[in-house]
Structure formats: C-alpha cells, structure tokens
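A.B. asks: Enclosed is the structure file start-v2.txt (compact mmCIF, C-alpha atoms).
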# COMPACT_ATOMS: atom_id res chain seq x y z
CA MET A 779 -28.23 -24.00 -18.85
CA ASP A 780 -30.06 -20.80 -19.69
CA CYS A 781 -32.94 -20.23 -17.26
CA ILE A 782 -34.23 -17.07 -18.99
CA THR A 783 -37.36 -17.82 -20.97
CA GLU A 784 -38.75 -15.84 -23.88
CA ASN A 785 -41.39 -14.20 -21.71
CA ASN A 786 -38.71 -13.23 -19.12
CA ASP A 787 -40.68 -14.55 -16.17
CA PRO A 788 -39.42 -12.40 -13.21
CA PHE A 789 -39.44 -15.41 -10.87
CA GLN A 790 -37.10 -17.30 -13.18
CA ILE A 791 -34.83 -14.26 -13.48
CA ASP A 792 -34.74 -13.98 -9.67
CA ALA A 793 -33.88 -17.68 -9.42
CA ARG A 794 -31.01 -17.25 -11.87
CA GLU A 795 -29.65 -14.25 -9.97
CA SER A 796 -29.93 -16.17 -6.71
CA ILE A 797 -27.92 -19.06 -8.17
CA ILE A 798 -25.25 -16.67 -9.47
CA CYS A 799 -25.00 -14.95 -6.07
CA GLU A 800 -24.63 -18.32 -4.37
CA MET A 801 -21.89 -19.36 -6.79
CA LYS A 802 -20.01 -16.09 -6.15
CA LEU A 803 -20.34 -16.52 -2.40
CA ASN A 804 -19.11 -20.13 -2.54
CA ALA A 805 -16.11 -19.07 -4.64
CA TYR A 806 -15.35 -16.34 -2.11
CA LYS A 807 -15.53 -18.67 0.90
CA ASP A 808 -13.99 -21.82 -0.61
CA GLU A 809 -11.56 -20.50 -3.23
CA ARG A 810 -10.62 -17.03 -1.93
CA THR A 811 -12.06 -15.61 -5.15
CA ILE A 812 -13.86 -12.29 -5.58
CA TYR A 813 -16.01 -11.72 -8.67
CA VAL A 814 -16.24 -8.22 -10.12
CA TRP A 815 -18.69 -9.02 -12.89
CA GLU A 816 -20.46 -5.68 -13.28
CA ASP A 817 -19.94 -1.98 -13.81
CA ILE A 818 -17.73 -0.33 -11.20
CA ASN A 819 -19.58 2.01 -8.85
CA ASP A 820 -19.78 2.86 -5.14
CA ASN A 821 -21.75 -0.30 -4.37
CA THR A 822 -19.25 -2.49 -6.22
CA ALA A 823 -16.37 -0.80 -4.38
CA PHE A 824 -18.05 -1.22 -1.00
CA ILE A 825 -18.63 -4.94 -1.46
CA PHE A 826 -15.18 -5.53 -3.00
CA ASN A 827 -13.33 -3.63 -0.27
CA ARG A 828 -15.21 -5.50 2.45
CA MET A 829 -14.55 -8.90 0.89
CA LEU A 830 -10.87 -8.20 0.28
CA GLU A 831 -10.43 -6.84 3.80
CA ASN A 832 -11.98 -10.02 5.24
CA LEU A 833 -9.71 -12.26 3.16
CA CYS A 834 -6.69 -10.29 4.36
CA ASN A 835 -7.71 -10.61 8.02
CA THR A 836 -7.38 -14.39 8.13
CA ARG A 837 -4.72 -15.79 10.44
CA GLY A 838 -1.87 -18.00 9.35
CA LYS A 839 -0.23 -18.24 5.95
CA LYS A 840 -1.00 -15.40 3.54
CA LEU A 841 -2.62 -17.33 0.74
CA PRO A 842 -3.11 -15.82 -2.73
CA ILE A 843 -6.37 -14.03 -3.51
CA THR A 844 -8.04 -14.30 -6.91
CA ILE A 845 -10.16 -11.62 -8.58
CA LYS A 846 -12.25 -12.58 -11.61
CA LEU A 847 -13.18 -9.53 -13.64
CA SER A 848 -15.49 -8.67 -16.51
CA SER A 849 -16.53 -5.03 -16.59
CA ASN A 850 -17.24 -2.22 -19.02
CA GLY A 851 -15.80 0.23 -16.50
CA GLY A 852 -17.62 2.82 -14.44
CA GLU A 853 -16.83 5.46 -11.87
CA VAL A 854 -13.17 6.35 -11.57
CA LEU A 855 -13.27 7.23 -7.85
CA SER A 856 -14.84 3.86 -7.06
CA ALA A 857 -12.13 2.12 -9.10
CA LEU A 858 -9.44 4.08 -7.23
CA SER A 859 -10.92 2.90 -3.93
CA MET A 860 -10.66 -0.71 -5.12
CA ILE A 861 -7.10 -0.18 -6.34
CA SER A 862 -6.19 1.29 -2.95
CA ALA A 863 -7.45 -1.91 -1.31
CA ILE A 864 -5.40 -4.07 -3.69
CA GLU A 865 -2.25 -2.03 -3.10
CA LYS A 866 -2.70 -2.31 0.67
CA ALA A 867 -3.17 -6.08 0.43
CA LYS A 868 -0.02 -6.40 -1.68
CA GLU A 869 1.93 -4.31 0.85
CA GLN A 870 0.75 -6.75 3.54
CA GLY A 871 2.28 -9.61 1.57
CA TYR A 872 -0.75 -10.98 -0.30
CA GLU A 873 -0.54 -12.04 -3.94
CA ILE A 874 -3.53 -10.64 -5.83
CA ASN A 875 -4.11 -12.48 -9.11
CA ILE A 876 -6.59 -10.94 -11.55
CA TYR A 877 -8.25 -12.94 -14.32
CA VAL A 878 -10.01 -10.89 -17.01
CA TYR A 879 -12.79 -12.38 -19.11
CA ALA A 880 -15.28 -10.86 -21.58
CA SER A 881 -14.52 -7.15 -21.23
CA CYS A 882 -12.07 -4.89 -19.48
CA MET A 883 -12.78 -1.30 -20.34
CA SER A 884 -12.27 2.21 -19.02
CA ALA A 885 -11.88 2.17 -15.21
CA ALA A 886 -11.68 -1.64 -15.28
CA VAL A 887 -8.37 -1.45 -17.17
CA ILE A 888 -6.83 0.67 -14.42
CA PHE A 889 -8.23 -1.74 -11.82
CA ALA A 890 -6.92 -4.82 -13.64
CA SER A 891 -3.45 -3.34 -13.99
CA ALA A 892 -3.03 -3.31 -10.19
CA GLY A 893 -2.86 -7.09 -9.78
CA SER A 894 0.28 -9.00 -8.81
CA LYS A 895 -0.23 -11.25 -11.83
CA ARG A 896 -2.77 -10.45 -14.55
CA TYR A 897 -4.35 -12.94 -16.97
CA ALA A 898 -6.86 -12.54 -19.81
CA GLN A 899 -8.76 -14.77 -22.16
CA ARG A 900 -7.55 -14.44 -25.74
CA TYR A 901 -10.76 -12.76 -26.92
CA THR A 902 -11.15 -10.33 -24.05
CA ARG A 903 -11.98 -6.85 -25.35
CA PHE A 904 -10.13 -3.93 -23.78
CA MET A 905 -10.69 -0.19 -24.04
CA ILE A 906 -8.84 2.87 -22.78
CA HIS A 907 -10.06 6.46 -22.91
CA ASP A 908 -9.74 9.77 -21.11
CA ILE A 909 -11.82 10.17 -17.96
CA GLY A 910 -15.10 12.03 -18.33
CA SER A 911 -17.27 14.21 -16.15
CA TYR A 912 -20.78 15.62 -16.14
CA ASN A 913 -21.63 19.23 -15.32
CA PHE A 914 -25.16 20.56 -15.21
CA GLY A 915 -26.62 24.03 -14.93
CA PHE A 916 -24.98 27.41 -14.81
CA GLN A 917 -21.21 27.50 -14.37
CA SER A 918 -19.05 30.52 -13.74
CA LYS A 919 -15.53 30.85 -15.11
CA GLU A 920 -14.23 29.75 -11.70
CA ASP A 921 -16.48 26.67 -11.77
CA ILE A 922 -15.12 25.72 -15.19
CA LYS A 923 -11.55 26.30 -14.03
CA ASN A 924 -12.07 24.22 -10.88
CA ASN A 925 -13.69 21.40 -12.88
CA TYR A 926 -10.80 21.40 -15.32
CA GLU A 927 -8.24 21.30 -12.51
CA GLU A 928 -10.09 18.41 -10.84
CA HIS A 929 -10.26 16.55 -14.16
CA LYS A 930 -6.54 17.05 -14.72
CA ALA A 931 -5.67 15.91 -11.17
CA LEU A 932 -7.73 12.72 -11.61
CA TRP A 933 -6.27 12.03 -15.05
CA ASP A 934 -2.72 12.54 -13.75
CA LEU A 935 -3.40 10.01 -10.99
CA VAL A 936 -5.13 7.45 -13.22
CA SER A 937 -2.56 7.70 -16.00
CA GLY A 938 0.23 7.47 -13.39
CA ILE A 939 -1.18 4.14 -12.18
CA LEU A 940 -1.32 2.82 -15.75
CA LEU A 941 2.23 3.98 -16.49
CA LYS A 942 3.50 2.38 -13.26
CA ASN A 943 1.77 -0.97 -13.76
CA THR A 944 2.17 -1.50 -17.51
CA LYS A 945 4.59 -1.02 -20.40
CA ILE A 946 2.53 1.86 -21.77
CA THR A 947 4.58 5.02 -22.22
CA LYS A 948 3.38 8.52 -21.43
CA GLU A 949 3.70 9.52 -25.08
CA TYR A 950 1.65 6.51 -26.26
CA LEU A 951 -1.09 7.19 -23.72
CA GLU A 952 -1.26 10.89 -24.58
CA ASP A 953 -1.49 9.98 -28.27
CA ILE A 954 -4.42 7.66 -27.57
CA VAL A 955 -6.49 10.16 -25.60
CA SER A 956 -5.75 13.06 -27.93
CA HIS A 957 -6.64 11.23 -31.17
CA GLN A 958 -9.27 8.66 -30.21
CA LYS A 959 -12.35 9.01 -28.05
CA SER A 960 -12.11 5.32 -27.16
CA PHE A 961 -9.18 3.01 -28.01
CA PHE A 962 -10.39 -0.61 -28.35
CA PHE A 963 -8.00 -3.56 -28.55
CA TRP A 964 -7.79 -7.31 -27.97
CA ALA A 965 -5.96 -9.31 -25.32
CA ASP A 966 -2.88 -9.96 -27.46
CA GLN A 967 -2.24 -6.22 -27.60
CA ALA A 968 -2.99 -5.93 -23.87
CA LEU A 969 -0.21 -8.49 -23.39
CA GLU A 970 2.18 -6.42 -25.54
CA LEU A 971 1.27 -3.29 -23.57
CA GLY A 972 1.90 -5.04 -20.24
CA ILE A 973 -1.68 -4.66 -19.02
CA VAL A 974 -1.76 -8.44 -18.57
CA ASP A 975 1.08 -10.90 -18.04
CA GLU A 976 -0.34 -13.99 -19.70
CA LEU A 977 -3.18 -15.15 -21.96
CA LEU A 978 -5.41 -18.00 -20.84
As structure tokens, how would this structure be written, given the file I've shared?
C.D. replies:
Amino acid sequence: MDCITENNDPFQIDARESIICEMKLNAYKDERTIYVWEDINDNTAFIFNRMLENLCNTRGKKLPITIKLSSNGGEVLSALSMISAIEKAKEQGYEINIYVYASCMSAAVIFASAGSKRYAQRYTRFMIHDIGSYNFGFQSKEDIKNNYEEHKALWDLVSGILLKNTKITKEYLEDIVSHQKSFFFWADQALELGIVDELL
C-alpha cells in the first residue's frame, strides 16, 4: 500500500520511512538479511560493515548471510570497504548470497560480484563504466599527474575484482570503457557475463 499522498505530507513520509526501517531491521535480526537499497557512500558502508561484522560474530554454526541489493552505485572507496568485509566473511567460512533487484549500476556491480552466489530478477538493469573523479580549482602538472596515477590505481583494483569474480575478459572490459561512457544491460546478459549465477 502506497502511503505517499499527493500533497506529500511529511508526517506520512516519515511514517513510511519508519516502517521500511523496521522491516529492514526485522529482516536483519530474524533472517540474517542486510538491505543495501540506496546509493553507496560512507554512511552505507559504515552501517553495512557493522551489520555484517555482527552477523559474523555469532557463535555456533556459520549460517549463510543474505544481502538484498538495489543501487545506482556511488563512491568507489565505500564500495571497496564493503567488498573487503564480504571477502573477510567468506574467508571465515560464511556464505554470502546477494540478491539484486531493480538496479545494479556502477560501484554496485563490483559489490554484487563479490557474493558467494549471486541472483538477479530478470528485469534488473545493470550498468558498468569507468570510475570518475572530481577536481576543483587550480592544478599543477604534478597535481594532474598524481590524480591520473590515483585514478589508474583505483581502476586497476576495481577492474581486477570484476575480472576475478566474473567471466568478463580484460579485453571486453577495456572495450566497454573506451567506447561507451556507460554500458547498460539486462540481467540475462549479466548472467552470460558471470556477474550473477542465476535469474530469479
């Protein structure tokens, strides 16, 4: 039921957000499920890392952990922090299953690729592109050189994760970023590329 009215009453919006937060919290506590249903940034990474760490600190049998994802991407360093947490959990013996829904774009694709098993709805929209950066104000030649080297180091790391976790080849990835600003595709192609393992 949609609780947003035409006049967008702020109290009704707050009520909706409260209900969504409660549903996410219940899923976390009862189903060992973490929702990443927003852009990826430092706040997202902080909450995700804390929740995953808590789920991995439980005693007894190492039960699978589910991540439900719908994101247009975001900050690459925040995504790398979340991937680090997933890799650590997997090394500890946890199965991390990622389910992708409406969108999985940019940094979210790299994040999704890190799961033990990856699933997507058939109409999930994916997108891959080169990483970007913002530079403001005066820059010397050394500044430009340093920014380029940092960009290249980040791209090498990010592309390395994609190449390791999927069927994408280096040549295919380089062709994408050199010829298209943003490469959009559907879940069936994500399955062919090995970004996901199964369609829902």
A.B. asks: Using only C-alpha atoms, which of A:Leu847, A:Ala898, A:Ala886, A:Ala823 sits nearest Ala968 in chain A?
C.D. replies: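 For Ala968 in chain A, the nearest of the given residues is A:Ala898.
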A.B. asks: Leaving out Thr944 in chain A and any residue of its chain fewer than 6 positions from it, which residues lie within 10 Å of it when counting all atoms listed in the file, given as a list in words?
C.D. replies: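 Non-adjacent residues within range: Ile888, Ser891, Ala892, Ala968, Leu969, Glu970, Leu971, Gly972, Ile973, Val974 and Asp975 of chain A.
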A.B. asks: Just to be explicit: take each residue in the selection above, keep C-alpha atoms, and write the result as a short mmCIF file (atom, residue, chain, number, x, y, z; two decimals), in the frame of the given file.
C.D. replies:
data_model
loop_
_atom_site.label_atom_id
_atom_site.label_comp_id
_atom_site.auth_asym_id
_atom_site.auth_seq_id
_atom_site.Cartn_x
_atom_site.Cartn_y
_atom_site.Cartn_z
CA ILE A 888 -6.83 0.67 -14.42
CA SER A 891 -3.45 -3.34 -13.99
CA ALA A 892 -3.03 -3.31 -10.19
CA ALA A 968 -2.99 -5.93 -23.87
CA LEU A 969 -0.21 -8.49 -23.39
CA GLU A 970 2.18 -6.42 -25.54
CA LEU A 971 1.27 -3.29 -23.57
CA GLY A 972 1.90 -5.04 -20.24
CA ILE A 973 -1.68 -4.66 -19.02
CA VAL A 974 -1.76 -8.44 -18.57
CA ASP A 975 1.08 -10.90 -18.04
#
A.B. asks: In Å, rounded to a single decimal, give me how far CA of Tyr813 in chain A is from CA of Glu831 in chain A.
C.D. replies: 14.5 Å
A.B. asks: Identify the residues around (-5.0, -6.1, -23.5) within a radius of 12 Å, measuring from all atoms listed in the file in the coordinates stated by the file, and give them as a ChimeraX atom specification.
C.D. replies: /A:877-884,886-888,890-891,896-906,944-946,961-977
A.B. asks: Using only C-alpha atoms, which of the listed residues (A:Leu858, A:Ile874, A:Ile909, A:Ala863) sits closest to Ile843 in chain A?
C.D. replies: A:Ile874
A.B. asks: Which residue out of A:Tyr872, A:Val936, A:Asn925, A:Ile812 has the minimum interatomic distance to Gly838 in chain A when all atoms listed in the file are used?
C.D. replies: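 Comparing A:Tyr872, A:Val936, A:Asn925, A:Ile812 against Gly838 in chain A, the winner is A:Tyr872.
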A.B. asks: Of the residues A:Ile939, A:Ala805, A:Val955, A:Ala857, which is the one nearest to Thr822 in chain A, using only C-alpha atoms?
C.D. replies: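 Ranking A:Ile939, A:Ala805, A:Val955, A:Ala857 by distance to Thr822 in chain A, first place goes to A:Ala857.
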A.B. asks: Select, from A:Phe889, A:Trp815, A:Tyr950, A:Trp933, the residue with the minimum atom-to-atom distance to Asn875 in chain A, counting all atoms listed in the file.
C.D. replies: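 Checking each of A:Phe889, A:Trp815, A:Tyr950, A:Trp933 against Asn875 in chain A, counting all atoms listed in the file, the winner is A:Phe889.
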A.B. asks: Find the spatial neighbours of Ile864 in chain A, counting only C-alpha atoms, within a cut-off of 8 Å - ignore same-chain residues fewer than 3 positions away - and output them as a ChimeraX atom specification.
C.D. replies: /A:830,860-861,867-868,874,892-893
A.B. asks: Report, in Å to a single decimal, how far apart CA of Ile845 in chain A and CA of Leu935 in chain A are.
C.D. replies: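 Going from CA of Leu935 in chain A over to CA of Ile845 in chain A covers 22.8 Å.
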A.B. asks: Just checking: using only C-alpha atoms, which residue out of A:Asn835, A:Asn943, A:Ile954, A:Glu809 ends up closest to Ser894 in chain A?
C.D. replies: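 When distances to Ser894 in chain A are compared using only C-alpha atoms, the smallest one comes from A:Asn943.
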A.B. asks: CA of Asp934 in chain A and CA of Asp908 in chain A, how far apart in Å?
C.D. replies: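 Result for CA of Asp908 in chain A versus CA of Asp934 in chain A: 10.5 Å, one decimal.
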